[in-house]
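J.: This is the structure, below, for whatever I ask next.
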Amino acid sequence: MSATGNLVPHGGRPVSPPARRERLEPVASQPLRRGRCDWCGRKTPRGRVYCSSQCRERYNSLVTRQGKALVQSLKLWRLHRGRRGTPGAGKITLISERVDALLAEDRQRWAELQEGDSECGE
């Protein structure tokens, strides 16, 4: 760390902090599968990502829990550029494996909700 508290990349100079802002603006939501609810997998009305507000709330809660570990791993990777022997080593592989597992969980949930009684708000 530099005297100002900014993180210093290996062999580099301190990184200037970004311009002050109140908060990060959210990225526009894109469905995992066009025309399908991200939570339950059912068809959605045109231009919608979720079939109901309950599905939106459940999916957003899930993504919040999933995202914490992934964001921390991305920060470690970015800070150390994934160099061997640093906390960032192997993080992209770890992140890829975790995302693959999360997608497998999504597919399983979609299949289960399609078969039985729906947990969505339809």
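Ordering of the structure tokens sets the chain letters (A, B, ...), residue numbers begin anew at 1 in every chain, and ligands are numbered from 1 in the order given.
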Select from range 42-78 of chain A every residue with an atom at most 7 Å from any atom of range 90-112 of chain A, then for each give the shortest pair of atoms and their distance in Å to one decimal, using only C-alpha atoms, rows by chain and rising number, as CSV.

T.:
```
residue,atom,partner,partner_atom,distance
A:Leu70,CA,A:Ile95,CA,6.3
A:Ser73,CA,A:Lys91,CA,6.0
A:Trp77,CA,A:Lys91,CA,5.7
```

J.: Near range 39-54 of chain A, within 9 Å and counting only C-alpha atoms, which residues show up once chain neighbours fewer than 2 positions away are dropped, as a PyMOL selection string?

T.: chain A and resi 29-37+56-60+106-107+109-114+118-122

J.: What's the separation between CA of Glu25 in chain A and CA of Gly82 in chain A, in Å to one decimal place?

T.: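 CA of Gly82 in chain A lies 27.0 Å from CA of Glu25 in chain A.
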
J.: Can you pull out every residue from range 21-119 of chain A that DSSP, working from the backbone, puts in helix (DSSP H, G or I), and format the result as a VMD selection string?

T.: chain A and resid 53 to 80 91 to 115
